[in-house]
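Enquirer: Next comes the structure file upload.txt, holding compact mmCIF, C-alpha atoms.
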```
# COMPACT_ATOMS: atom_id res chain seq x y z
CA MET A 194 30.52 244.69 163.33
CA LEU A 195 31.93 247.78 165.04
CA ASN A 196 29.96 247.16 168.22
CA GLY A 197 31.19 243.56 168.24
CA ARG A 198 34.73 244.74 168.98
CA ARG A 199 33.67 245.23 172.59
CA GLY A 200 34.22 241.50 173.03
CA PHE A 201 37.92 241.91 172.35
CA LEU A 202 38.77 244.60 174.92
CA LYS A 203 42.41 244.30 175.75
CA ASP A 204 42.97 246.18 178.96
CA SER A 205 39.92 245.45 181.06
CA VAL A 206 40.51 243.74 184.38
CA PRO A 207 37.48 242.03 185.89
CA VAL A 208 37.67 243.03 189.54
CA ALA A 209 36.09 240.21 191.51
CA GLY A 210 35.26 241.99 194.75
CA LEU A 211 33.37 244.89 193.23
CA CYS A 212 31.04 243.04 190.90
CA PRO A 213 30.67 239.38 191.90
CA GLN A 214 29.39 237.19 189.10
CA GLY A 215 27.80 234.42 191.16
CA ALA A 216 24.17 233.96 192.02
CA TYR A 217 22.67 236.40 194.55
CA GLY A 218 25.52 238.82 193.99
CA ILE A 219 28.06 236.82 196.03
CA GLN A 220 31.42 235.66 194.73
CA ASP A 221 30.99 232.14 193.35
CA CYS A 222 34.09 230.51 194.90
CA LEU A 223 33.71 227.22 193.07
CA ARG A 224 33.67 228.78 189.63
CA SER A 225 35.75 231.91 189.86
CA GLY A 226 38.03 231.20 192.80
CA PHE A 227 38.70 233.19 195.95
CA SER A 228 38.00 236.87 195.70
CA SER A 229 40.71 239.32 196.56
CA VAL A 230 41.16 242.74 195.04
CA LYS A 231 44.88 242.41 195.65
CA ASN A 232 45.01 239.25 193.55
CA GLU A 233 43.27 240.95 190.66
CA LEU A 234 45.67 243.88 190.64
CA LEU A 235 48.99 242.38 191.76
CA PRO A 236 50.45 239.11 190.48
CA SER A 237 49.90 236.24 192.92
CA HIS A 238 52.84 234.22 191.66
CA PRO A 239 56.29 235.57 190.76
CA LEU A 240 56.02 234.01 187.32
CA GLU A 241 52.46 235.13 186.53
CA LEU A 242 53.38 238.23 184.55
CA SER A 243 56.32 236.54 182.88
CA GLU A 244 54.15 233.67 181.68
CA LYS A 245 51.28 235.90 180.63
CA ASN A 246 53.63 237.91 178.44
CA PHE A 247 55.76 235.02 177.23
CA GLN A 248 54.22 234.61 173.78
CA PRO A 249 53.96 238.36 173.07
CA ASN A 250 57.57 238.88 174.17
CA LYS A 251 58.74 236.00 172.04
CA ASP A 252 56.94 237.45 169.04
CA LYS A 253 58.41 240.91 169.67
CA MET A 254 61.91 239.49 169.89
CA ASN A 255 61.48 237.48 166.69
CA PHE A 256 60.08 240.44 164.79
CA SER A 257 62.85 242.73 165.95
CA THR A 258 65.51 240.20 164.88
CA LEU A 259 63.75 239.74 161.55
CA ARG A 260 63.65 243.48 161.02
CA ASN A 261 67.36 243.78 161.69
CA ILE A 262 68.25 240.93 159.33
CA GLN A 263 65.80 241.27 156.47
CA GLY A 264 64.53 244.83 156.66
CA LEU A 265 61.23 246.35 157.66
CA HIS A 266 59.03 244.69 155.08
CA ALA A 267 59.50 241.12 156.41
CA PRO A 268 58.00 241.64 159.90
CA LEU A 269 55.31 243.93 158.48
CA LYS A 270 54.14 241.29 156.06
CA LEU A 271 54.24 238.60 158.74
CA GLN A 272 52.26 240.74 161.15
CA MET A 273 49.63 241.24 158.51
CA GLU A 274 49.35 237.47 158.16
CA TYR A 275 49.15 237.07 161.95
CA ARG A 276 46.33 239.60 162.11
CA ALA A 277 44.44 237.74 159.41
CA ALA A 278 44.99 234.35 161.09
CA ARG A 279 43.89 235.68 164.48
CA GLN A 280 40.52 236.58 163.04
CA ILE A 281 39.73 232.99 162.10
CA GLN A 282 37.63 232.09 165.11
CA ARG A 283 34.51 230.10 165.86
CA LEU A 284 31.42 231.43 167.61
CA PRO A 285 32.27 233.30 170.83
CA PHE A 286 31.45 230.49 173.26
CA LEU A 287 33.42 227.80 171.37
CA PRO A 288 37.19 227.42 171.81
CA SER A 289 39.14 227.78 168.61
CA SER A 290 42.09 225.61 167.68
CA ASN A 291 43.97 228.60 166.21
CA LEU A 292 45.57 226.26 163.68
CA ALA A 293 46.61 228.95 161.21
CA LEU A 294 48.05 231.14 163.94
CA ASP A 295 49.97 228.22 165.46
CA THR A 296 51.40 227.24 162.09
CA LEU A 297 52.58 230.80 161.47
CA ARG A 298 54.19 230.99 164.88
CA GLY A 299 55.80 227.57 164.59
CA ASN A 300 53.90 226.23 167.59
CA ASP A 301 52.40 223.40 165.54
CA GLU A 302 55.65 221.48 165.90
CA SER A 303 56.06 221.76 169.66
CA ILE A 304 54.16 220.63 172.73
CA GLY A 305 54.05 222.72 175.88
CA PHE A 306 52.06 222.91 179.09
CA GLU A 307 49.36 224.93 177.36
CA ASP A 308 48.59 221.86 175.23
CA ILE A 309 48.40 219.45 178.15
CA LEU A 310 46.84 221.47 180.96
CA CYS A 311 43.63 223.51 180.93
CA ASP A 312 42.13 221.80 177.88
CA PRO A 313 39.04 223.86 176.99
CA ALA A 314 37.24 220.67 176.01
CA GLN A 315 37.54 219.50 179.64
CA SER A 316 36.44 222.80 181.17
CA GLU A 317 33.54 222.49 183.62
CA MET A 318 31.84 225.64 182.45
CA MET A 319 30.63 226.86 179.11
CA GLY A 320 29.41 230.28 178.25
CA GLU A 321 25.73 230.80 177.71
CA PRO A 322 25.72 230.62 173.86
CA HIS A 323 22.87 232.99 173.06
CA LEU A 324 24.00 235.67 175.50
CA MET A 325 27.60 235.57 174.30
CA VAL A 326 26.70 235.82 170.63
CA GLU A 327 24.32 238.68 171.36
CA TYR A 328 26.95 240.46 173.42
CA ASN A 329 29.50 240.10 170.64
CA LEU A 330 27.11 241.43 168.05
CA GLY A 331 26.29 244.34 170.32
CA LEU A 332 22.61 243.41 170.58
CA LEU A 333 22.63 243.05 174.37
CA MET B 168 26.28 241.19 185.10
CA ASN B 169 25.97 239.06 182.01
CA GLU B 170 28.48 241.13 180.07
CA HIS B 171 31.13 240.22 182.61
CA LYS B 172 30.24 236.54 182.26
CA GLY B 173 30.69 236.53 178.49
CA HIS B 174 33.81 238.63 178.90
CA LYS B 175 35.45 236.21 181.29
CA TYR B 176 34.84 233.13 179.17
CA ILE B 177 36.37 234.67 176.09
CA PHE B 178 39.68 235.32 177.81
CA GLN B 179 41.32 232.29 179.34
CA ILE B 180 44.98 232.93 179.87
CA VAL B 181 46.19 229.41 180.37
CA SER B 182 49.42 229.30 182.35
CA GLY B 183 48.72 232.51 184.24
CA SER B 184 45.43 231.30 185.61
CA ILE B 185 46.78 227.93 186.73
CA LEU B 186 49.83 229.45 188.44
CA SER B 187 47.86 232.10 190.29
CA TRP B 188 45.13 229.65 191.33
CA ASN B 189 47.68 227.34 192.99
CA ALA B 190 49.50 230.21 194.64
CA VAL B 191 46.25 231.67 195.98
CA LEU B 192 45.18 228.26 197.28
CA GLU B 193 48.47 227.78 199.11
CA GLY B 194 48.24 231.25 200.62
CA GLU B 195 44.69 230.68 201.85
CA ALA B 196 45.58 227.25 203.26
CA ASN B 197 48.59 228.60 205.15
CA LYS B 198 46.45 231.36 206.65
CA VAL B 199 44.11 228.79 208.21
CA GLY B 200 47.01 226.71 209.49
CA TYR B 201 47.17 223.88 206.98
CA SER B 202 50.07 223.19 204.66
CA LEU B 203 49.77 221.67 201.23
CA PRO B 204 50.92 218.02 201.04
CA ALA B 205 54.66 217.58 200.48
CA ALA B 206 55.55 216.86 196.88
CA ARG B 207 57.15 213.49 196.26
CA LYS B 208 60.84 214.07 195.72
CA THR B 209 63.49 211.74 194.49
CA GLY B 210 66.27 212.46 197.03
CA THR B 211 68.55 210.64 194.75
CA THR B 212 71.87 209.57 193.47
CA ILE B 213 72.17 209.79 189.70
CA CYS B 214 75.34 209.84 187.67
CA GLY B 215 76.72 209.42 184.21
CA VAL B 216 80.09 208.66 182.66
CA VAL B 217 81.47 208.78 179.13
CA PHE B 218 83.50 205.70 178.21
CA LYS B 219 85.23 204.52 175.06
CA ASP B 220 82.21 203.66 172.91
CA GLY B 221 79.42 205.61 174.56
CA VAL B 222 77.73 206.74 177.74
CA ILE B 223 76.61 204.94 180.89
CA LEU B 224 73.87 206.41 183.08
CA GLY B 225 73.19 205.11 186.57
CA ALA B 226 70.52 205.79 189.17
CA ASP B 227 69.21 204.45 192.47
CA THR B 228 65.52 203.56 192.83
CA ARG B 229 64.16 205.24 195.97
CA ALA B 230 61.48 207.95 195.93
CA THR B 231 60.83 209.77 199.23
CA GLU B 232 57.91 211.81 200.52
CA GLY B 233 59.34 213.75 203.41
CA MET B 234 60.82 211.11 205.74
CA ILE B 235 58.97 208.15 204.24
CA VAL B 236 59.97 206.02 201.29
CA ALA B 237 57.15 206.47 198.81
CA ASP B 238 58.42 204.10 196.14
CA LYS B 239 61.00 201.38 196.77
CA ASN B 240 61.61 200.68 193.12
CA CYS B 241 60.93 203.71 190.98
CA SER B 242 62.52 204.22 187.60
CA LYS B 243 64.62 207.36 187.36
CA ILE B 244 66.16 206.83 183.96
CA HIS B 245 63.70 208.33 181.49
CA TYR B 246 63.46 207.84 177.76
CA ILE B 247 64.03 210.86 175.58
CA SER B 248 64.75 209.25 172.25
CA PRO B 249 66.11 205.84 171.16
CA ASN B 250 69.68 207.14 171.46
CA ILE B 251 69.24 209.60 174.35
CA TYR B 252 68.26 208.88 177.94
CA CYS B 253 67.92 211.19 180.94
CA CYS B 254 68.19 210.58 184.69
CA GLY B 255 66.11 212.87 186.89
CA ALA B 256 66.56 214.10 190.46
CA GLY B 257 64.35 216.53 192.37
CA THR B 258 60.56 216.57 192.35
CA ALA B 259 59.45 213.30 190.74
CA ALA B 260 56.50 214.76 188.83
CA ASP B 261 58.61 217.60 187.48
CA THR B 262 61.34 215.32 186.16
CA GLU B 263 58.84 212.93 184.58
CA MET B 264 56.69 215.55 182.92
CA THR B 265 59.67 217.60 181.76
CA THR B 266 61.39 214.62 180.18
CA GLN B 267 58.15 213.50 178.53
CA ILE B 268 57.49 216.94 177.07
CA ILE B 269 61.04 217.22 175.76
CA SER B 270 60.84 213.68 174.39
CA SER B 271 57.69 214.60 172.44
CA ASN B 272 59.20 217.82 171.18
CA LEU B 273 62.38 216.04 170.14
CA GLU B 274 60.39 213.44 168.24
CA LEU B 275 58.47 216.15 166.37
CA HIS B 276 61.75 217.94 165.68
CA ALA B 277 63.37 214.73 164.38
CA LEU B 278 60.41 214.10 162.08
CA SER B 279 60.66 217.66 160.84
CA THR B 280 64.43 217.55 160.17
CA GLY B 281 64.50 213.91 159.08
CA ARG B 282 67.62 213.24 161.14
CA VAL B 283 68.51 211.32 164.30
CA PRO B 284 68.16 213.81 167.18
CA ARG B 285 71.30 215.14 168.82
CA VAL B 286 72.00 215.30 172.53
CA ALA B 287 72.81 219.01 172.23
CA THR B 288 69.29 219.64 170.92
CA ALA B 289 67.72 217.92 173.89
CA ASN B 290 70.04 219.85 176.19
CA ARG B 291 69.06 223.18 174.67
CA MET B 292 65.35 222.41 174.81
CA LEU B 293 65.61 221.40 178.46
CA LYS B 294 67.68 224.40 179.54
CA GLN B 295 65.43 226.88 177.75
CA MET B 296 62.34 225.40 179.38
CA LEU B 297 63.84 225.26 182.88
CA PHE B 298 65.12 228.84 182.61
CA ARG B 299 61.71 230.02 181.47
CA TYR B 300 60.25 228.76 184.76
CA GLN B 301 63.07 230.28 186.84
CA GLY B 302 63.75 227.19 188.95
CA TYR B 303 60.12 226.62 189.98
CA ILE B 304 60.28 223.32 188.08
CA GLY B 305 62.46 221.30 190.46
CA ALA B 306 64.18 219.02 187.99
CA ALA B 307 67.92 218.32 188.12
CA LEU B 308 68.84 216.09 185.19
CA VAL B 309 71.72 214.06 183.84
CA LEU B 310 71.29 213.81 180.08
CA GLY B 311 73.36 211.38 178.07
CA GLY B 312 73.31 209.88 174.62
CA VAL B 313 75.18 208.97 171.46
CA ASP B 314 74.57 210.80 168.20
CA CYS B 315 76.39 211.46 164.92
CA ASN B 316 79.08 213.46 166.76
CA GLY B 317 79.85 210.78 169.34
CA PRO B 318 78.88 210.27 172.98
CA HIS B 319 77.80 213.32 175.01
CA LEU B 320 76.93 213.84 178.67
CA TYR B 321 75.28 216.94 180.18
CA SER B 322 74.15 217.88 183.65
CA ILE B 323 71.21 220.30 183.82
CA TYR B 324 70.32 222.24 186.97
CA PRO B 325 66.78 223.38 187.93
CA HIS B 326 67.46 227.03 187.09
CA GLY B 327 68.61 226.19 183.59
CA SER B 328 72.41 226.07 183.70
CA THR B 329 74.12 223.13 182.02
CA ASP B 330 77.56 221.56 182.09
CA LYS B 331 79.07 219.31 179.46
CA LEU B 332 81.47 216.96 181.21
CA PRO B 333 82.95 213.46 180.96
CA TYR B 334 81.45 212.43 184.32
CA VAL B 335 78.61 214.03 186.33
CA THR B 336 76.58 213.29 189.43
CA MET B 337 73.36 214.89 190.72
CA GLY B 338 70.98 214.53 193.62
CA SER B 339 71.36 214.33 197.39
CA GLY B 340 73.91 211.51 197.06
CA SER B 341 75.93 213.34 194.43
CA LEU B 342 78.88 214.04 196.72
CA ALA B 343 79.27 210.39 197.65
CA ALA B 344 79.10 209.35 194.00
CA MET B 345 81.44 212.11 192.88
CA ALA B 346 84.03 210.98 195.44
CA VAL B 347 84.09 207.56 193.75
CA PHE B 348 84.33 209.14 190.30
CA GLU B 349 87.13 211.49 191.26
CA ASP B 350 89.09 208.58 192.65
CA ARG B 351 88.74 206.07 189.83
CA TYR B 352 87.72 207.81 186.60
CA LYS B 353 90.03 207.42 183.63
CA PRO B 354 89.31 208.64 180.10
CA ASP B 355 88.43 205.98 177.47
CA MET B 356 87.51 203.16 179.84
CA GLU B 357 86.23 199.80 178.67
CA GLU B 358 82.53 199.01 179.05
CA GLU B 359 82.89 196.55 181.95
CA ASP B 360 85.17 198.90 183.92
CA ALA B 361 82.81 201.80 183.33
CA LYS B 362 79.79 199.74 184.45
CA ARG B 363 81.62 198.74 187.60
CA LEU B 364 82.58 202.37 188.28
CA VAL B 365 79.01 203.63 187.88
CA ARG B 366 77.69 200.78 190.01
CA ASP B 367 80.15 201.63 192.76
CA ALA B 368 79.33 205.33 192.59
CA ILE B 369 75.60 204.70 192.96
CA ALA B 370 76.27 202.19 195.73
CA ALA B 371 78.26 204.87 197.58
CA GLY B 372 75.22 207.16 197.29
CA ILE B 373 72.83 204.41 198.41
CA PHE B 374 74.76 203.44 201.51
CA ASN B 375 75.86 206.90 202.62
CA ASP B 376 72.79 209.01 201.85
CA LEU B 377 69.38 208.59 203.43
CA GLY B 378 67.58 209.96 200.41
CA SER B 379 68.88 207.21 198.14
CA GLY B 380 68.38 203.49 198.42
CA SER B 381 67.13 200.18 197.05
CA ASN B 382 68.52 198.99 193.73
CA ILE B 383 70.91 200.28 191.10
CA ASP B 384 69.67 200.84 187.54
CA LEU B 385 72.06 201.20 184.66
CA CYS B 386 71.60 202.36 181.09
CA VAL B 387 74.42 201.72 178.62
CA ILE B 388 74.12 203.71 175.39
CA THR B 389 76.48 202.97 172.52
CA LYS B 390 76.35 203.75 168.82
CA GLY B 391 74.35 200.75 167.72
CA LYS B 392 73.13 199.29 171.00
CA LEU B 393 71.08 200.30 174.00
CA ASP B 394 71.08 198.34 177.25
CA TYR B 395 68.50 199.33 179.83
CA ILE B 396 69.51 197.18 182.80
CA ARG B 397 66.90 197.40 185.50
CA PRO B 398 67.93 196.30 188.06
CA HIS B 399 71.62 196.00 187.49
CA ASP B 400 72.32 195.28 191.13
CA GLU B 401 69.87 194.60 193.94
CA ALA B 402 71.94 196.23 196.63
CA ASN B 403 69.17 196.05 199.23
CA LYS B 404 67.24 192.81 199.16
CA LYS B 405 64.28 192.44 201.48
CA GLY B 406 64.96 189.84 204.18
CA VAL B 407 63.40 186.36 204.16
CA ARG B 408 61.35 185.27 207.18
CA THR B 409 63.20 182.51 209.03
CA GLY B 410 60.39 181.45 211.39
CA ASP B 411 56.71 180.70 210.95
CA TYR B 412 53.90 181.15 213.47
CA LYS B 413 51.38 179.00 211.60
CA TYR B 414 50.47 175.74 213.31
CA LYS B 415 50.23 172.46 211.38
CA ARG B 416 46.94 170.60 211.11
CA GLY B 417 46.66 168.13 213.99
CA THR B 418 48.55 170.26 216.54
CA THR B 419 45.37 170.39 218.59
CA SER B 420 43.74 166.92 218.96
CA VAL B 421 39.99 166.63 218.40
CA LEU B 422 38.16 165.02 221.37
CA THR B 423 34.48 165.02 220.24
CA LYS B 424 32.56 166.14 217.18
CA SER B 425 28.80 166.76 216.99
CA VAL B 426 26.90 167.99 213.91
CA THR B 427 23.55 169.87 214.26
CA ALA B 428 21.46 170.37 211.12
CA LEU B 429 19.73 173.76 210.77
CA ASN B 430 16.14 173.29 209.56
CA LEU B 431 15.34 176.25 207.31
CA GLU B 432 12.10 176.64 205.39
CA VAL B 433 11.86 178.73 202.25
CA VAL B 434 9.52 181.69 202.96
CA GLU B 435 9.78 183.76 199.79
CA GLU B 436 11.56 183.37 196.49
CA THR B 437 12.12 186.28 194.08
CA VAL B 438 13.98 186.18 190.81
CA LEU B 439 15.70 189.39 189.56
CA THR B 440 16.69 189.23 185.91
CA MET B 441 20.13 190.56 185.12
CA ASP B 442 20.33 193.18 182.37
CA THR B 443 22.80 191.59 179.98
CA SER B 444 22.00 193.78 176.97
```
Kindly present the structure from the file in structure tokens form.
Expert:
Amino acid sequence: MLNGRRGFLKDSVPVAGLCPQGAYGIQDCLRSGFSSVKNELLPSHPLELSEKNFQPNKDKMNFSTLRNIQGLHAPLKLQMEYRAARQIQRLPFLPSSNLALDTLRGNDESIGFEDILCDPAQSEMMGEPHLMVEYNLGLL
Amino acid sequence: MNEHKGHKYIFQIVSGSILSWNAVLEGEANKVGYSLPAARKTGTTICGVVFKDGVILGADTRATEGMIVADKNCSKIHYISPNIYCCGAGTAADTEMTTQIISSNLELHALSTGRVPRVATANRMLKQMLFRYQGYIGAALVLGGVDCNGPHLYSIYPHGSTDKLPYVTMGSGSLAAMAVFEDRYKPDMEEEDAKRLVRDAIAAGIFNDLGSGSNIDLCVITKGKLDYIRPHDEANKKGVRTGDYKYKRGTTSVLTKSVTALNLEVVEETVLTMDTS
């Protein structure tokens, strides 16, 4: 599944102005919001970057503390388990509950805004199933 | 084109997307000349005091939306756990949602530890959450409760700083209430004296601050007992109408009466059955 890794690109930034995804090549304001190259490159809210990186930063801090207390092997082993848990996903167009990952992180015992707002089950759009599976498998 | 579509649906960064969407919307609206509707605030007087056996929390009941009273009798003392309650000042939605989230988290935590939750735990959860959002969550809280270590009272500011004190006040009427506290607070008061003190402090806020008004709610938390007194004192009762503009039957005398029958003939009759399945 080497070609399938394309679906998990980390650093790509979809620039709205250059390649609009709506019908007829115009930015679809209802579905993808107002288009502004500035908004895609710079944060539009002072907390946007802080919130985007909150979980990764929390993990980094925990691993670094764990390394200092228990030695290198503890965070290494945990990160291996995280990597394994992160791979437990459903088909590309279905949202995954990430139960194993949440349990490892300790998020199964807390409720935050990410559990209340933006519920993927309530989302108005769904990916086109066949296209997304084909893209993931590299057949497109 | 389609690759981008699949790409975008796979990544959905939750908080980031919501924050930026709202900020973009506000920016676009301001450019055209409109402003987003004012959030409902509780310009408020809330206070708390530690007495001999526990903690008393007090709050007024007015919620304002700009210069208009949005709710004449809103409840500002929120439940966190059976032994911990929290008064909230600031943006009404923020205080409600924050206290509900912390209440849920505290319940999960208590189930996990198997112990009665402590006030210090609730305080730490609240301050860590408010600091994470750097003051954008406008919630100023007075948290009080009784746990295994005795009665505790904390005041929590929107940016995440907390103070642990024997008496605290928050909100727009906090200065008026604090003046009453500074004058008459004594350590280890009796319950009735403490209730009277809190009632007077909130009344000072109600009568001297435009953002506070209506009634006074009290919540008395002691080791075995919880008293949620709502309202404790109706400081502002709505007036009763003294006059009446309705006229009695017979005020105007009837001189003549004539009845004309309308002759209607049935032209068409249709029956629509109701679907009662």
Enquirer: What's the separation between atom CA of B:Ala260 and atom CA of A:Pro236, in Å to one decimal place?
Expert: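 Computed distance, atom CA of B:Ala260 to atom CA of A:Pro236, equals 25.1 Å.
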Enquirer: Show me which bits of chain A are within 6 Å of chain B, counting only C-alpha atoms, as a list in words.
Expert: Ser237, His238, Glu241, Lys245, Ser303, Ile304 and Met325 of chain A
Enquirer: Just the number, please: distance in Å from atom CA of B:Gly200 to atom CA of A:Cys222, one decimal.
Expert: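 It comes out at 19.9 Å.
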Enquirer: Rounded to one decimal in Å, what is the spacing between atom CA of B:Cys253 and atom CA of B:Leu310?
Expert: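 These two atoms are separated by 4.4 Å.
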Enquirer: Which one of B:Cys214, B:Leu429, B:Ala277, B:Val387 sits closest to A:Glu302 if you count all atoms listed in the file?
Expert: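 When distances to A:Glu302 are compared using all atoms listed in the file, the smallest one comes from B:Ala277.
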Enquirer: Show me, as an NGL selection string, the residues that have an atom within 7 Å of B:Ile304 when counting only C-alpha atoms, minus same-chain residues fewer than 5 positions from it.
Expert: :B and (261 or 297 or 325)
